[in-house]
file run-v7.cif (mmCIF, C-alpha atoms)
data_entry
loop_
_atom_site.label_atom_id
_atom_site.label_comp_id
_atom_site.auth_asym_id
_atom_site.auth_seq_id
_atom_site.Cartn_x
_atom_site.Cartn_y
_atom_site.Cartn_z
CA GLN A 1 -5.98 19.51 29.13
CA CYS A 2 -2.45 20.13 27.78
CA PHE A 3 -3.10 23.86 27.64
CA GLU A 4 -4.33 23.92 31.25
CA ALA A 5 -0.77 23.22 32.41
CA VAL A 6 0.51 26.26 30.49
CA LEU A 7 -2.31 28.55 31.60
CA SER A 8 -1.72 27.66 35.24
CA ARG A 9 1.86 29.00 35.20
CA ARG A 10 2.71 32.47 36.50
CA ALA A 11 4.67 35.22 34.77
CA ASP A 12 7.47 34.97 37.37
CA GLU A 13 8.20 31.32 36.53
CA PRO A 14 10.70 30.40 33.79
CA PHE A 15 9.84 27.74 31.25
CA ASP A 16 10.77 24.30 32.58
CA ASP A 17 12.08 23.07 29.24
CA ASP A 18 11.70 23.28 25.47
CA ARG A 19 8.67 21.03 25.55
CA GLU A 20 6.76 23.47 27.75
CA HIS A 21 7.84 26.45 25.65
CA LEU A 22 6.59 24.81 22.46
CA LEU A 23 3.29 24.00 24.14
CA ALA A 24 2.92 27.66 25.10
CA ALA A 25 3.67 28.62 21.49
CA GLU A 26 1.07 26.09 20.35
CA LEU A 27 -1.50 27.84 22.54
CA HIS A 28 -0.45 31.20 21.07
CA PHE A 29 -1.11 30.04 17.50
CA THR A 30 -4.35 28.33 18.50
CA LEU A 31 -5.66 31.55 20.04
CA GLN A 32 -4.57 33.53 16.98
CA SER A 33 -6.35 31.05 14.72
CA LEU A 34 -9.54 31.25 16.79
CA TYR A 35 -9.33 35.05 16.75
CA VAL A 36 -8.96 35.20 12.95
CA GLN A 37 -11.88 32.83 12.47
CA ALA A 38 -14.11 34.68 14.94
CA LEU A 39 -13.25 37.99 13.30
CA SER A 40 -14.11 36.54 9.90
CA SER A 41 -17.47 35.35 11.24
CA LEU A 42 -18.18 38.80 12.65
CA ARG A 43 -17.36 40.44 9.33
CA THR A 44 -19.73 38.09 7.50
CA GLN A 45 -22.51 38.82 9.98
CA VAL A 46 -22.06 42.58 9.79
CA VAL A 47 -21.50 43.17 6.06
CA GLY A 48 -22.87 39.96 4.58
CA CYS A 49 -21.14 37.54 2.26
CA GLY A 50 -21.94 37.22 -1.43
CA ARG A 51 -25.71 37.16 -1.78
CA SER A 52 -26.26 36.68 1.94
CA PRO A 53 -27.64 39.79 3.64
CA PRO A 54 -26.07 41.13 6.83
CA HIS A 55 -27.19 39.38 9.99
CA LYS A 56 -30.03 40.94 11.93
CA GLU A 57 -30.11 40.95 15.69
CA LYS A 58 -32.45 38.35 17.16
CA SER A 59 -35.96 39.28 18.04
CA PRO A 60 -37.16 38.28 21.51
CA ALA A 61 -39.10 35.42 19.93
CA ALA A 62 -35.94 34.02 18.34
CA ALA A 63 -33.74 34.41 21.39
CA ALA A 64 -33.41 30.64 21.78
CA SER A 65 -31.74 30.26 18.37
CA PRO A 66 -28.25 28.69 18.58
CA GLU A 67 -26.91 31.12 15.97
CA CYS A 68 -24.77 33.91 17.42
CA THR A 69 -25.74 37.51 16.87
CA PRO A 70 -23.11 40.07 15.80
CA GLY A 71 -23.07 41.36 19.35
CA GLU A 72 -22.39 37.91 20.77
CA THR A 73 -19.70 37.23 18.18
CA ALA A 74 -18.07 40.60 18.92
CA ALA A 75 -17.96 39.66 22.60
CA ARG A 76 -16.22 36.40 21.71
CA VAL A 77 -13.71 38.25 19.54
CA ALA A 78 -12.92 40.59 22.42
CA ALA A 79 -12.59 37.69 24.88
CA ILE A 80 -10.17 35.81 22.62
CA LYS A 81 -8.15 38.99 22.05
CA GLU A 82 -7.82 39.49 25.80
CA MET A 83 -6.70 35.88 26.24
CA GLN A 84 -4.08 36.47 23.54
CA ARG A 85 -2.82 39.62 25.25
CA SER A 86 -2.58 37.97 28.65
CA HIS A 87 -0.89 34.83 27.34
CA ALA A 88 1.61 36.82 25.24
CA ALA A 89 2.57 39.02 28.20
CA THR A 90 3.08 35.98 30.41
CA CYS A 91 5.25 34.26 27.79
CA VAL A 92 7.44 37.34 27.33
CA ALA A 93 8.00 37.59 31.08
CA ARG A 94 8.75 33.87 31.40
CA LEU A 95 11.19 33.91 28.48
CA GLU A 96 13.20 36.66 30.15
CA LEU A 97 13.69 34.32 33.10
CA THR A 98 14.51 31.24 31.02
CA SER A 99 18.17 30.33 30.61
CA PRO A 100 19.40 28.89 28.36
CA PRO A 101 16.82 30.06 25.82
CA PRO A 102 14.60 27.50 24.07
CA ARG A 103 16.24 25.70 21.16
CA VAL A 104 13.93 27.15 18.52
CA LEU A 105 14.89 30.70 19.54
CA SER A 106 18.59 29.82 19.61
CA VAL A 107 18.30 28.50 16.06
CA ALA A 108 16.45 31.66 15.02
CA ALA A 109 19.27 33.76 16.46
CA ALA A 110 21.90 31.66 14.69
CA TYR A 111 20.25 32.41 11.34
CA ALA A 112 19.77 36.10 12.22
CA LEU A 113 16.01 35.83 11.84
CA SER A 114 13.83 38.82 12.61
CA GLU A 115 11.28 38.62 15.41
CA LYS A 116 8.46 37.76 13.00
CA GLU A 117 10.66 35.24 11.18
CA ALA A 118 11.40 33.56 14.51
CA VAL A 119 7.65 33.28 15.09
CA ALA A 120 7.25 31.79 11.60
CA LEU A 121 10.01 29.26 12.35
CA THR A 122 8.19 28.26 15.53
CA LEU A 123 4.99 27.78 13.53
CA LEU A 124 6.83 25.51 11.07
CA VAL A 125 8.18 23.46 13.98
CA LEU A 126 4.69 23.04 15.44
CA GLN A 127 3.15 22.08 12.11
CA ARG A 128 5.29 18.93 12.34
CA SER A 129 5.28 18.39 16.10
CA HIS A 130 2.09 19.80 17.65
CA ARG A 131 0.50 17.87 20.50
CA THR A 132 -3.12 19.03 20.65
CA ALA A 133 -6.10 18.20 18.48
CA LEU A 134 -7.34 21.77 18.92
CA PHE A 135 -4.25 23.19 17.19
CA SER A 136 -4.61 20.69 14.36
CA GLY A 137 -8.31 21.39 14.02
CA CYS A 138 -7.85 25.16 13.95
CA LEU A 139 -5.17 25.06 11.26
CA GLY A 140 -7.18 22.55 9.25
CA SER A 141 -10.36 24.62 9.32
CA ASP A 142 -12.02 26.04 6.22
CA SER A 143 -10.43 29.43 6.96
CA PHE A 144 -6.93 28.08 6.29
CA GLU A 145 -7.19 24.72 4.55
CA ALA A 146 -7.96 26.21 1.14
CA ASP A 147 -4.73 28.19 1.06
CA GLN A 148 -1.91 27.11 3.37
CA ALA A 149 0.17 30.00 2.04
CA LEU A 150 -2.01 32.29 4.16
CA LEU A 151 -0.99 30.68 7.44
CA PRO A 152 2.24 32.59 8.17
CA ALA A 153 0.67 35.91 7.22
CA LEU A 154 -2.40 35.38 9.40
CA LEU A 155 -0.79 33.64 12.36
CA CYS A 156 2.59 35.42 12.46
CA ASP A 157 1.38 38.92 11.59
CA ALA A 158 3.83 39.03 8.68
CA SER A 159 3.38 40.96 5.45
CA SER A 160 3.98 39.52 1.99
CA LEU A 161 7.26 41.42 1.75
CA GLU A 162 8.43 40.05 5.10
CA LEU A 163 7.57 36.51 4.06
CA ALA A 164 9.33 36.97 0.71
CA ALA A 165 12.47 37.98 2.60
CA PHE A 166 12.11 34.93 4.87
CA TYR A 167 11.77 32.65 1.83
CA ASP A 168 14.65 34.24 -0.11
CA GLU A 169 16.79 31.51 -1.64
CA GLU A 170 19.98 33.33 -0.63
CA ARG A 171 19.18 33.17 3.08
CA PRO A 172 21.31 30.62 4.99
CA HIS A 173 18.33 28.70 6.37
CA ILE A 174 17.10 28.14 2.81
CA LYS A 175 20.52 27.37 1.32
CA GLU A 176 21.22 24.78 4.02
CA GLY A 177 17.90 23.03 3.44
CA ILE A 178 16.57 23.75 6.92
CA ILE A 179 13.43 25.25 5.41
CA HIS A 180 12.03 24.13 2.06
CA VAL A 181 9.99 26.55 -0.04
CA ASP A 182 7.60 25.40 -2.75
CA GLU A 183 6.05 27.73 -5.32
CA ASP A 184 2.93 26.94 -7.32
CA TYR A 185 1.89 28.08 -10.79
CA SER A 186 0.48 31.33 -9.39
CA SER A 187 3.75 32.14 -7.55
CA ARG A 188 2.27 31.46 -4.12
CA GLN A 189 4.94 30.17 -1.78
CA THR A 190 4.54 27.65 1.02
CA ALA A 191 7.29 26.67 3.42
CA SER A 192 8.00 23.55 5.46
CA LEU A 193 10.69 22.63 7.94
CA SER A 194 12.88 19.64 7.17
CA PHE A 195 12.18 16.59 9.33
CA GLU A 196 15.79 16.54 10.51
CA ALA A 197 15.69 20.18 11.61
CA CYS A 198 12.39 19.64 13.40
CA ASP A 199 13.72 16.54 15.17
CA ALA A 200 16.82 18.40 16.36
CA ILE A 201 14.86 21.43 17.57
CA VAL A 202 12.15 19.43 19.33
CA ASN A 203 14.25 16.63 20.83
CA GLY A 204 17.69 18.20 21.07
CA LEU A 205 21.02 16.50 20.40
CA ARG A 206 21.78 14.91 23.76
CA ALA A 207 21.28 11.16 23.46
CA GLU A 208 20.08 10.73 27.04
CA ALA A 209 17.33 13.32 26.58
CA ARG A 210 16.00 12.03 23.27
CA PRO A 211 13.04 9.65 22.98
CA ASP A 212 13.60 5.96 22.37
CA SER A 213 13.39 4.54 18.89
CA TYR A 214 9.86 4.13 17.60
CA ARG A 215 10.57 0.45 17.11
CA ARG A 216 9.19 -1.88 19.75
CA PRO A 217 11.82 -2.90 22.33
CA TYR A 218 12.70 -6.55 22.19
CA LEU A 219 14.61 -9.06 24.30
CA VAL A 220 17.79 -10.63 23.04
CA PRO A 221 17.09 -14.26 22.03
CA GLY A 222 18.01 -16.66 24.80
CA SER A 223 17.87 -14.04 27.56
CA SER A 224 15.17 -13.49 30.13
CA GLY A 225 14.40 -11.69 33.36
CA VAL A 226 16.75 -8.95 34.56
CA GLU A 227 19.45 -10.00 32.13
CA GLY A 228 17.03 -9.80 29.23
CA GLU A 229 15.76 -6.37 30.23
CA ALA A 230 19.33 -5.10 30.52
CA ALA A 231 20.15 -6.43 27.07
CA ALA A 232 17.03 -4.80 25.65
CA ALA A 233 18.00 -1.49 27.29
CA ARG A 234 21.44 -1.68 25.69
CA THR A 235 19.84 -2.39 22.33
CA ARG A 236 17.55 0.62 22.68
CA ALA A 237 20.45 2.85 23.70
CA GLU A 238 22.47 1.71 20.70
CA ALA A 239 19.54 2.33 18.35
CA LYS A 240 19.14 5.80 19.80
CA ARG A 241 22.85 6.53 19.36
CA VAL A 242 22.83 5.36 15.74
CA LYS A 243 19.77 7.48 14.96
CA LEU A 244 21.39 10.53 16.55
CA ASP A 245 24.61 9.98 14.58
CA ARG A 246 22.61 9.86 11.35
CA LEU A 247 20.76 13.03 12.31
CA ARG A 248 23.99 14.87 13.05
CA LEU A 249 25.42 13.71 9.73
CA LYS A 250 22.43 15.05 7.80
CA LEU A 251 22.71 18.39 9.61
CA SER A 252 26.49 18.65 9.39
CA GLY A 253 27.78 22.04 8.35
CA THR A 254 24.58 23.88 9.23
CA LYS A 255 24.21 26.82 11.56
CA LEU A 256 21.43 24.86 13.25
CA LEU A 257 23.80 22.09 14.32
CA MET A 258 26.40 24.57 15.56
CA ALA A 259 23.79 26.52 17.51
CA LEU A 260 22.39 23.44 19.23
CA ASP A 261 25.84 22.03 19.97
CA SER A 262 26.81 25.34 21.53
CA LEU A 263 23.57 25.49 23.50
CA GLU A 264 23.89 21.96 24.85
CA GLY A 265 27.63 22.07 25.46
CA ALA A 266 28.61 19.44 22.89
CA PRO A 267 32.30 19.16 22.01
#
call {"tool": "encode", "arguments": {"input": "run-v7.cif", "output": "structure tokens"}}
result
Amino acid sequence: QCFEAVLSRRADEPFDDDREHLLAAELHFTLQSLYVQALSSLRTQVVGCGRSPPHKEKSPAAAASPECTPGETAARVAAIKEMQRSHAATCVARLELTSPPPRVLSVAAAYALSEKEAVALTLLVLQRSHRTALFSGCLGSDSFEADQALLPALLCDASSLELAAFYDEERPHIKEGIIHVDEDYSSRQTASLSFEACDAIVNGLRAEARPDSYRRPYLVPGSSGVEGEAAAARTRAEAKRVKLDRLRLKLSGTKLLMALDSLEGAP
């Protein structure tokens, strides 16, 4: 249902806000994940896997079988690829009309990220902030769960060399702690975005536009009615301000903070 709102938009309409842009990006990665998995299924059917022989086309007597034939799987692969192409073209056209640019792209520009690195940054943002169960299910499937290090390569169309450059410890986004890189005993690297960076990119740095504290709102003891609601609103606003101040402190001195302040017109 979330994706329906994105799919209903035309190429001549700019993105309404960062939230809509991230949802469109979430659809992009979901389609890419489905494409990779469908292509893997087709390969297994055509060439076999391990001791399993290649799939044979159904005989007329077995036409009611729920298992897809290679031809049916190939048709699904082609359909998903066409959806990818159409969605990508629409997003490119809409981005050209969107001003100011989405926060995640402004941050990517501030760190001089390449186009593929900007896509990888967007993926890292969505791994912490996605909104659909389909996205979560696709990235948690057997195709990816066994080796999370494969995700950027498969979903961002990035080579090992390009990812190594993105994870280089001398890059500003690594030095500043915006992106954390872990390396296992076999030298495979996995990256994650800091919670503070994700919060700033997703919610911005304007107090009035940020969500309320996750704590339940409460009334000031001894107050009730309109007066009590007003006091509770002031309490929520103060909690939001304190949380934002802490976030800015943790991000102080980073290119991310400067980029978002510049984007949102902060002093």
call {"tool": "resolve_selection", "arguments": {"input": "run-v7.cif", "expression": "the PyMOL selection byres ((chain A and resi 19-21) around 12)", "output": "PyMOL selection string"}}
result
chain A and resi 2-7+9+13-18+22-28+90-92+94-95+98+101-105+122+125-126+129-131+201-204+209-210
call {"tool": "residues_around", "arguments": {"input": "run-v7.cif", "residues": "region 255-259 of chain A", "least_positions_apart": "6", "cutoff": "8 Å", "atoms": "only C-alpha atoms", "output": "list in words"}}
result
Ser106, Val107, Ala110, Tyr111, Ala197 and Arg248 of chain A
call {"tool": "residues_around", "arguments": {"input": "run-v7.cif", "residues": "region 157-160 of chain A", "least_positions_apart": "5", "cutoff": "9 Å", "atoms": "all atoms listed in the file", "output": "mmCIF file with C-alpha atoms, in the coordinates of the input"}}
result
data_model
loop_
_atom_site.group_PDB
_atom_site.id
_atom_site.type_symbol
_atom_site.label_atom_id
_atom_site.label_comp_id
_atom_site.auth_asym_id
_atom_site.auth_seq_id
_atom_site.Cartn_x
_atom_site.Cartn_y
_atom_site.Cartn_z
ATOM 1 C CA LYS A 116 8.460 37.760 13.000
ATOM 2 C CA GLU A 117 10.660 35.240 11.180
ATOM 3 C CA ALA A 120 7.250 31.790 11.600
ATOM 4 C CA PRO A 152 2.240 32.590 8.170
ATOM 5 C CA ALA A 165 12.470 37.980 2.600
#
call {"tool": "closest_residue", "arguments": {"input": "run-v7.cif", "among": "A:Leu123, A:Ala109, A:Ala118, A:Leu260", "to": "Phe135 (chain A)", "atoms": "all atoms listed in the file"}}
result
A:Leu123
call {"tool": "closest_residue", "arguments": {"input": "run-v7.cif", "among": "A:Leu31, A:Ala239, A:Leu154, A:Glu169", "to": "Lys81 (chain A)", "atoms": "only C-alpha atoms"}}
result
A:Leu31
call {"tool": "atom_distance", "arguments": {"input": "run-v7.cif", "atom1": "CA of Thr73 (chain A)", "atom2": "CA of Thr132 (chain A)"}}
result
24.7 Å
call {"tool": "resolve_selection", "arguments": {"input": "run-v7.cif", "expression": "the PyMOL selection byres ((chain A and resi 179) around 8)", "output": "PDB file with C-alpha atoms, in the frame of the given file"}}
result
ATOM      1  CA  HIS A 173      18.330  28.700   6.370  1.00  0.00           C
ATOM      2  CA  ILE A 174      17.100  28.140   2.810  1.00  0.00           C
ATOM      3  CA  GLU A 176      21.220  24.780   4.020  1.00  0.00           C
ATOM      4  CA  GLY A 177      17.900  23.030   3.440  1.00  0.00           C
ATOM      5  CA  ILE A 178      16.570  23.750   6.920  1.00  0.00           C
ATOM      6  CA  HIS A 180      12.030  24.130   2.060  1.00  0.00           C
ATOM      7  CA  VAL A 181       9.990  26.550  -0.040  1.00  0.00           C
ATOM      8  CA  ALA A 191       7.290  26.670   3.420  1.00  0.00           C
ATOM      9  CA  SER A 192       8.000  23.550   5.460  1.00  0.00           C
ATOM     10  CA  LEU A 193      10.690  22.630   7.940  1.00  0.00           C
ATOM     11  CA  SER A 194      12.880  19.640   7.170  1.00  0.00           C
TER      12      SER A 194
END
call {"tool": "closest_residue", "arguments": {"input": "run-v7.cif", "among": "A:Lys250, A:Arg241, A:Arg10, A:Arg206", "to": "Glu264 (chain A)", "atoms": "all atoms listed in the file"}}
result
A:Arg206
call {"tool": "axis_aligned_box", "arguments": {"input": "run-v7.cif", "around": "region 241-247 of chain A", "padding_each_side": "4 Å", "output": "lines of an AutoDock Vina configuration file"}}
result
center_x = 22.2
center_y = 9.2
center_z = 15.4
size_x = 12.8
size_y = 15.7
size_z = 16.0
call {"tool": "atom_distance", "arguments": {"input": "run-v7.cif", "atom1": "CA of Asp212 (chain A)", "atom2": "CA of Ala237 (chain A)"}}
result
7.6 Å
call {"tool": "atom_distance", "arguments": {"input": "run-v7.cif", "atom1": "CA of Ala133 (chain A)", "atom2": "CA of Phe29 (chain A)"}}
result
12.9 Å
call {"tool": "closest_residue", "arguments": {"input": "run-v7.cif", "among": "A:Tyr35, A:Leu42, A:Ser262, A:Ser252", "to": "Glu82 (chain A)", "atoms": "all atoms listed in the file"}}
result
A:Tyr35
call {"tool": "residues_around", "arguments": {"input": "run-v7.cif", "residues": "Leu155 (chain A)", "least_positions_apart": "4", "cutoff": "7 Å", "atoms": "only C-alpha atoms", "output": "PyMOL selection string"}}
result
chain A and resi 29+32-33+151
call {"tool": "residues_around", "arguments": {"input": "run-v7.cif", "residues": "Ala38 (chain A)", "least_positions_apart": "6", "cutoff": "10 Å", "atoms": "all atoms listed in the file", "output": "NGL selection string"}}
result
:A and (32 or 44 or 73-78 or 80)
call {"tool": "closest_residue", "arguments": {"input": "run-v7.cif", "among": "A:Ala207, A:Gly253, A:Asp261, A:Asp199", "to": "Lys240 (chain A)", "atoms": "only C-alpha atoms"}}
result
A:Ala207
call {"tool": "closest_residue", "arguments": {"input": "run-v7.cif", "among": "A:Leu163, A:Ala79, A:Leu124, A:Ala230", "to": "Leu34 (chain A)", "atoms": "all atoms listed in the file"}}
result
A:Ala79
